[in-house]
>>> print(open('model.pdb').read())   # PDB, C-alpha atoms
ATOM      1  CA  MET A   1     -11.561 -59.471   9.783  1.00  0.00           C
ATOM      2  CA  ALA A   2     -10.378 -56.066   8.633  1.00  0.00           C
ATOM      3  CA  THR A   3     -10.179 -53.246  11.101  1.00  0.00           C
ATOM      4  CA  ALA A   4     -11.439 -49.849  10.133  1.00  0.00           C
ATOM      5  CA  ALA A   5      -8.790 -47.233   9.701  1.00  0.00           C
ATOM      6  CA  ALA A   6      -8.908 -44.341  12.092  1.00  0.00           C
ATOM      7  CA  PRO A   7     -10.547 -41.306  10.508  1.00  0.00           C
ATOM      8  CA  THR A   8      -8.139 -38.793   9.059  1.00  0.00           C
ATOM      9  CA  PRO A   9      -8.288 -35.609  11.095  1.00  0.00           C
ATOM     10  CA  ALA A  10      -9.424 -32.538   9.258  1.00  0.00           C
ATOM     11  CA  PRO A  11      -6.700 -30.067   8.413  1.00  0.00           C
ATOM     12  CA  PRO A  12      -6.409 -27.320  10.974  1.00  0.00           C
ATOM     13  CA  VAL A  13      -8.504 -24.278  10.280  1.00  0.00           C
ATOM     14  CA  PRO A  14      -6.208 -21.315   9.819  1.00  0.00           C
ATOM     15  CA  THR A  15      -6.664 -18.890  12.643  1.00  0.00           C
ATOM     16  CA  ARG A  16      -6.981 -15.249  11.837  1.00  0.00           C
ATOM     17  CA  THR A  17      -4.566 -13.035  13.619  1.00  0.00           C
ATOM     18  CA  PRO A  18      -6.445  -9.983  14.798  1.00  0.00           C
ATOM     19  CA  VAL A  19      -5.022  -6.666  13.677  1.00  0.00           C
ATOM     20  CA  ARG A  20      -4.643  -4.483  16.731  1.00  0.00           C
ATOM     21  CA  ARG A  21      -2.823  -1.537  15.113  1.00  0.00           C
ATOM     22  CA  LEU A  22      -1.723  -0.363  11.700  1.00  0.00           C
ATOM     23  CA  THR A  23       1.128   1.823  10.520  1.00  0.00           C
ATOM     24  CA  VAL A  24       0.430   3.852   7.390  1.00  0.00           C
ATOM     25  CA  LEU A  25       3.555   4.886   5.516  1.00  0.00           C
ATOM     26  CA  TYR A  26       2.845   7.981   3.429  1.00  0.00           C
ATOM     27  CA  ASP A  27       4.943  10.262   1.251  1.00  0.00           C
ATOM     28  CA  ALA A  28       5.432  13.420   3.323  1.00  0.00           C
ATOM     29  CA  GLN A  29       6.544  15.331   0.182  1.00  0.00           C
ATOM     30  CA  CYS A  30       3.295  14.611  -1.687  1.00  0.00           C
ATOM     31  CA  PRO A  31       0.459  17.121  -1.107  1.00  0.00           C
ATOM     32  CA  LEU A  32      -2.213  14.477  -1.755  1.00  0.00           C
ATOM     33  CA  CYS A  33      -0.581  12.020   0.648  1.00  0.00           C
ATOM     34  CA  VAL A  34      -0.311  14.676   3.369  1.00  0.00           C
ATOM     35  CA  HIS A  35      -3.945  15.654   2.801  1.00  0.00           C
ATOM     36  CA  LEU A  36      -5.032  12.016   3.166  1.00  0.00           C
ATOM     37  CA  ARG A  37      -2.872  11.647   6.280  1.00  0.00           C
ATOM     38  CA  ASN A  38      -4.646  14.637   7.828  1.00  0.00           C
ATOM     39  CA  TRP A  39      -8.021  13.229   6.778  1.00  0.00           C
ATOM     40  CA  LEU A  40      -7.184   9.906   8.455  1.00  0.00           C
ATOM     41  CA  LEU A  41      -6.210  11.747  11.639  1.00  0.00           C
ATOM     42  CA  GLY A  42      -9.670  13.351  11.728  1.00  0.00           C
ATOM     43  CA  GLN A  43     -11.567  10.060  11.454  1.00  0.00           C
ATOM     44  CA  LYS A  44     -12.862   7.782  14.227  1.00  0.00           C
ATOM     45  CA  TRP A  45     -10.611   4.728  14.307  1.00  0.00           C
ATOM     46  CA  LEU A  46     -11.680   1.169  15.061  1.00  0.00           C
ATOM     47  CA  VAL A  47      -8.029   0.168  14.825  1.00  0.00           C
ATOM     48  CA  PRO A  48      -5.338   2.597  15.991  1.00  0.00           C
ATOM     49  CA  LEU A  49      -3.267   4.099  13.196  1.00  0.00           C
ATOM     50  CA  ALA A  50       0.296   5.354  13.308  1.00  0.00           C
ATOM     51  CA  LEU A  51       1.043   7.662  10.377  1.00  0.00           C
ATOM     52  CA  VAL A  52       4.744   7.628   9.581  1.00  0.00           C
ATOM     53  CA  PRO A  53       6.524   9.344   6.681  1.00  0.00           C
ATOM     54  CA  ALA A  54       7.726   6.739   4.178  1.00  0.00           C
ATOM     55  CA  GLY A  55      11.485   6.470   3.898  1.00  0.00           C
ATOM     56  CA  SER A  56      11.999   8.319   7.184  1.00  0.00           C
ATOM     57  CA  PHE A  57      14.379   7.310   9.948  1.00  0.00           C
ATOM     58  CA  GLU A  58      11.330   6.206  11.970  1.00  0.00           C
ATOM     59  CA  ALA A  59      10.055   4.027   9.114  1.00  0.00           C
ATOM     60  CA  HIS A  60      13.488   2.380   8.766  1.00  0.00           C
ATOM     61  CA  ARG A  61      13.715   1.892  12.534  1.00  0.00           C
ATOM     62  CA  ARG A  62      10.282   0.263  12.775  1.00  0.00           C
ATOM     63  CA  PHE A  63      10.552  -1.863   9.645  1.00  0.00           C
ATOM     64  CA  PRO A  64      14.214  -2.560   8.814  1.00  0.00           C
ATOM     65  CA  ARG A  65      13.381  -5.353   6.319  1.00  0.00           C
ATOM     66  CA  LEU A  66      10.813  -3.378   4.330  1.00  0.00           C
ATOM     67  CA  ASP A  67      11.556  -2.136   0.795  1.00  0.00           C
ATOM     68  CA  HIS A  68      11.511   1.555   1.702  1.00  0.00           C
ATOM     69  CA  ALA A  69      11.975   2.752  -1.867  1.00  0.00           C
ATOM     70  CA  ALA A  70       8.716   0.969  -2.750  1.00  0.00           C
ATOM     71  CA  THR A  71       6.913   2.717   0.121  1.00  0.00           C
ATOM     72  CA  LEU A  72       7.615   6.035  -1.580  1.00  0.00           C
ATOM     73  CA  ARG A  73       6.036   4.793  -4.822  1.00  0.00           C
ATOM     74  CA  GLU A  74       2.767   3.539  -3.372  1.00  0.00           C
ATOM     75  CA  ILE A  75       0.890   3.631  -0.119  1.00  0.00           C
ATOM     76  CA  THR A  76       2.006   0.891   2.251  1.00  0.00           C
ATOM     77  CA  VAL A  77       0.324  -0.231   5.461  1.00  0.00           C
ATOM     78  CA  VAL A  78       1.988  -2.535   7.989  1.00  0.00           C
ATOM     79  CA  GLY A  79       0.047  -4.484  10.585  1.00  0.00           C
ATOM     80  CA  ASP A  80       1.236  -5.111  14.118  1.00  0.00           C
ATOM     81  CA  LYS A  81       1.993  -8.779  13.283  1.00  0.00           C
ATOM     82  CA  GLY A  82       4.081  -7.908  10.222  1.00  0.00           C
ATOM     83  CA  GLN A  83       1.302  -7.991   7.619  1.00  0.00           C
ATOM     84  CA  VAL A  84       2.032  -5.702   4.656  1.00  0.00           C
ATOM     85  CA  TRP A  85      -0.500  -4.193   2.263  1.00  0.00           C
ATOM     86  CA  ARG A  86       0.436  -2.063  -0.731  1.00  0.00           C
ATOM     87  CA  GLY A  87      -1.531  -0.042  -3.246  1.00  0.00           C
ATOM     88  CA  THR A  88      -5.195  -0.983  -3.501  1.00  0.00           C
ATOM     89  CA  GLY A  89      -4.996  -3.396  -0.557  1.00  0.00           C
ATOM     90  CA  ALA A  90      -3.473  -0.670   1.616  1.00  0.00           C
ATOM     91  CA  PHE A  91      -6.249   1.733   0.605  1.00  0.00           C
ATOM     92  CA  ILE A  92      -8.890  -0.824   1.554  1.00  0.00           C
ATOM     93  CA  VAL A  93      -7.281  -1.689   4.891  1.00  0.00           C
ATOM     94  CA  CYS A  94      -7.077   2.021   5.785  1.00  0.00           C
ATOM     95  CA  LEU A  95     -10.830   2.333   5.201  1.00  0.00           C
ATOM     96  CA  TRP A  96     -11.388  -0.901   7.161  1.00  0.00           C
ATOM     97  CA  ALA A  97      -9.698   0.703  10.185  1.00  0.00           C
ATOM     98  CA  LEU A  98     -12.236   3.567  10.208  1.00  0.00           C
ATOM     99  CA  ALA A  99     -15.599   3.346  11.964  1.00  0.00           C
ATOM    100  CA  GLU A 100     -17.558   5.154   9.280  1.00  0.00           C
ATOM    101  CA  HIS A 101     -15.898   3.398   6.342  1.00  0.00           C
ATOM    102  CA  ARG A 102     -15.526  -0.254   7.410  1.00  0.00           C
ATOM    103  CA  PRO A 103     -18.693  -1.406   5.580  1.00  0.00           C
ATOM    104  CA  LYS A 104     -17.443   0.268   2.387  1.00  0.00           C
ATOM    105  CA  ALA A 105     -14.025  -1.352   2.830  1.00  0.00           C
ATOM    106  CA  ARG A 106     -15.621  -4.785   3.122  1.00  0.00           C
ATOM    107  CA  TRP A 107     -17.540  -4.166  -0.101  1.00  0.00           C
ATOM    108  CA  LEU A 108     -14.451  -2.820  -1.906  1.00  0.00           C
ATOM    109  CA  ALA A 109     -12.614  -6.042  -1.003  1.00  0.00           C
ATOM    110  CA  THR A 110     -15.192  -8.145  -2.883  1.00  0.00           C
ATOM    111  CA  PRO A 111     -14.897  -9.070  -6.562  1.00  0.00           C
ATOM    112  CA  THR A 112     -17.671  -6.554  -7.289  1.00  0.00           C
ATOM    113  CA  GLY A 113     -16.052  -3.706  -5.355  1.00  0.00           C
ATOM    114  CA  LEU A 114     -12.389  -4.279  -6.219  1.00  0.00           C
ATOM    115  CA  PRO A 115     -12.586  -2.583  -9.651  1.00  0.00           C
ATOM    116  CA  PHE A 116     -13.889   0.555  -7.909  1.00  0.00           C
ATOM    117  CA  ALA A 117     -11.026   0.452  -5.403  1.00  0.00           C
ATOM    118  CA  ARG A 118      -8.513   0.076  -8.246  1.00  0.00           C
ATOM    119  CA  ALA A 119     -10.111   2.958 -10.157  1.00  0.00           C
ATOM    120  CA  THR A 120      -9.863   5.125  -7.039  1.00  0.00           C
ATOM    121  CA  MET A 121      -6.184   4.285  -6.680  1.00  0.00           C
ATOM    122  CA  LEU A 122      -5.516   5.033 -10.354  1.00  0.00           C
ATOM    123  CA  ALA A 123      -7.273   8.395 -10.039  1.00  0.00           C
ATOM    124  CA  ALA A 124      -5.247   9.196  -6.918  1.00  0.00           C
ATOM    125  CA  ALA A 125      -2.044   8.248  -8.757  1.00  0.00           C
ATOM    126  CA  LYS A 126      -2.894  10.684 -11.563  1.00  0.00           C
ATOM    127  CA  VAL A 127      -3.597  13.475  -9.085  1.00  0.00           C
ATOM    128  CA  ARG A 128      -0.409  12.661  -7.210  1.00  0.00           C
ATOM    129  CA  ALA A 129       1.654  12.690 -10.392  1.00  0.00           C
ATOM    130  CA  GLY A 130       0.133  16.052 -11.316  1.00  0.00           C
ATOM    131  CA  THR A 131       0.944  17.601  -7.946  1.00  0.00           C
ATOM    132  CA  ALA A 132       4.511  16.299  -7.701  1.00  0.00           C
ATOM    133  CA  GLY A 133       5.978  19.279  -9.554  1.00  0.00           C
ATOM    134  CA  ALA A 134       3.793  21.734  -7.635  1.00  0.00           C
ATOM    135  CA  ALA A 135       5.231  20.471  -4.364  1.00  0.00           C
ATOM    136  CA  GLY A 136       8.741  21.291  -5.514  1.00  0.00           C
ATOM    137  CA  THR A 137       9.751  17.653  -5.699  1.00  0.00           C
ATOM    138  CA  THR A 138      11.878  16.214  -8.412  1.00  0.00           C
ATOM    139  CA  ALA A 139      11.311  13.026 -10.334  1.00  0.00           C
ATOM    140  CA  GLY A 140      12.504  10.044  -8.397  1.00  0.00           C
ATOM    141  CA  THR A 141      12.529  11.589  -4.937  1.00  0.00           C
ATOM    142  CA  THR A 142       8.914  10.816  -4.184  1.00  0.00           C
ATOM    143  CA  GLY A 143       8.313   8.010  -6.585  1.00  0.00           C
ATOM    144  CA  CYS A 144       5.855  10.124  -8.579  1.00  0.00           C
ATOM    145  CA  SER A 145       8.083   9.921 -11.643  1.00  0.00           C
ATOM    146  CA  ASP A 146       6.570   6.520 -12.428  1.00  0.00           C
ATOM    147  CA  GLY A 147       3.034   7.856 -12.062  1.00  0.00           C
ATOM    148  CA  CYS A 148       2.681   6.155  -8.689  1.00  0.00           C
ATOM    149  CA  ALA A 149       1.698   3.057 -10.571  1.00  0.00           C
ATOM    150  CA  VAL A 150      -0.782   0.703  -9.040  1.00  0.00           C
ATOM    151  CA  PRO A 151      -0.014  -2.931  -9.784  1.00  0.00           C
ATOM    152  CA  GLY A 152      -2.548  -4.505 -12.164  1.00  0.00           C
TER     153      GLY A 152
END
>>> encode(input="model.pdb", output="structure tokens")
Amino acid sequence: MATAAAPTPAPPVPTRTPVRRLTVLYDAQCPLCVHLRNWLLGQKWLVPLALVPAGSFEAHRRFPRLDHAATLREITVVGDKGQVWRGTGAFIVCLWALAEHRPKARWLATPTGLPFARATMLAAAKVRAGTAGAAGTTAGTTGCSDGCAVPG
């Protein structure tokens, strides 16, 4: 008589690590980035935000393993558990942290909304590239020389 094999346990369900705080690394030499930093400071947060100049001593101290040159080329957000978002993902997670904009962030993260988020980032990159010279920066010091490219 054959014995039944014990049922195979289901694979563990990945647990989501709650995000309790976010650090937004922004280019302090970019007028658009500074404007958006100030806008974020004026919003109601669901998740606390720390706004730290990219490439600064503080950014290096907090995140010694991060590619700091890349943080000057595109917005980067770091979660309290080491999560890293860049470009469009960073834009969406910033909106997700805000009380008034969380529903929009959830929509932008969907396949339907993602093209709109990418278009927003591309438009911001064009504005940023156009304001780089006005801010007295030189190509390469803020990352705007590459048009603040958003990965495809």
>>> atom_distance(input="model.pdb", atom1="CA of Ala109 in chain A", atom2="CA of Ile92 in chain A")
6.9 Å
>>> closest_residue(input="model.pdb", among="A:Leu46, A:Ala69, A:Ala54, A:Val84", to="Glu100 in chain A", atoms="all atoms listed in the file")
A:Leu46
>>> atom_distance(input="model.pdb", atom1="CA of Leu114 in chain A", atom2="CA of Gln83 in chain A")
19.8 Å
>>> atom_distance(input="model.pdb", atom1="CA of Pro53 in chain A", atom2="CA of Ala117 in chain A")
23.1 Å
>>> residues_around(input="model.pdb", residues="Pro64 in chain A", least_positions_apart="5", cutoff="12 Å", atoms="all atoms listed in the file", output="PyMOL selection string")
chain A and resi 55-59+82
>>> residues_around(input="model.pdb", residues="range 14-28 of chain A", least_positions_apart="3", cutoff="6 Å", atoms="all atoms listed in the file", output="number ranges by chain")
A: 33-34, 47-54, 72, 75-80
>>> closest_residue(input="model.pdb", among="A:Trp107, A:Gly130, A:Ala124, A:Leu98", to="Leu41 in chain A", atoms="all atoms listed in the file")
A:Leu98
>>> closest_residue(input="model.pdb", among="A:Trp96, A:Leu36, A:Gln43, A:His60", to="Leu108 in chain A", atoms="all atoms listed in the file")
A:Trp96
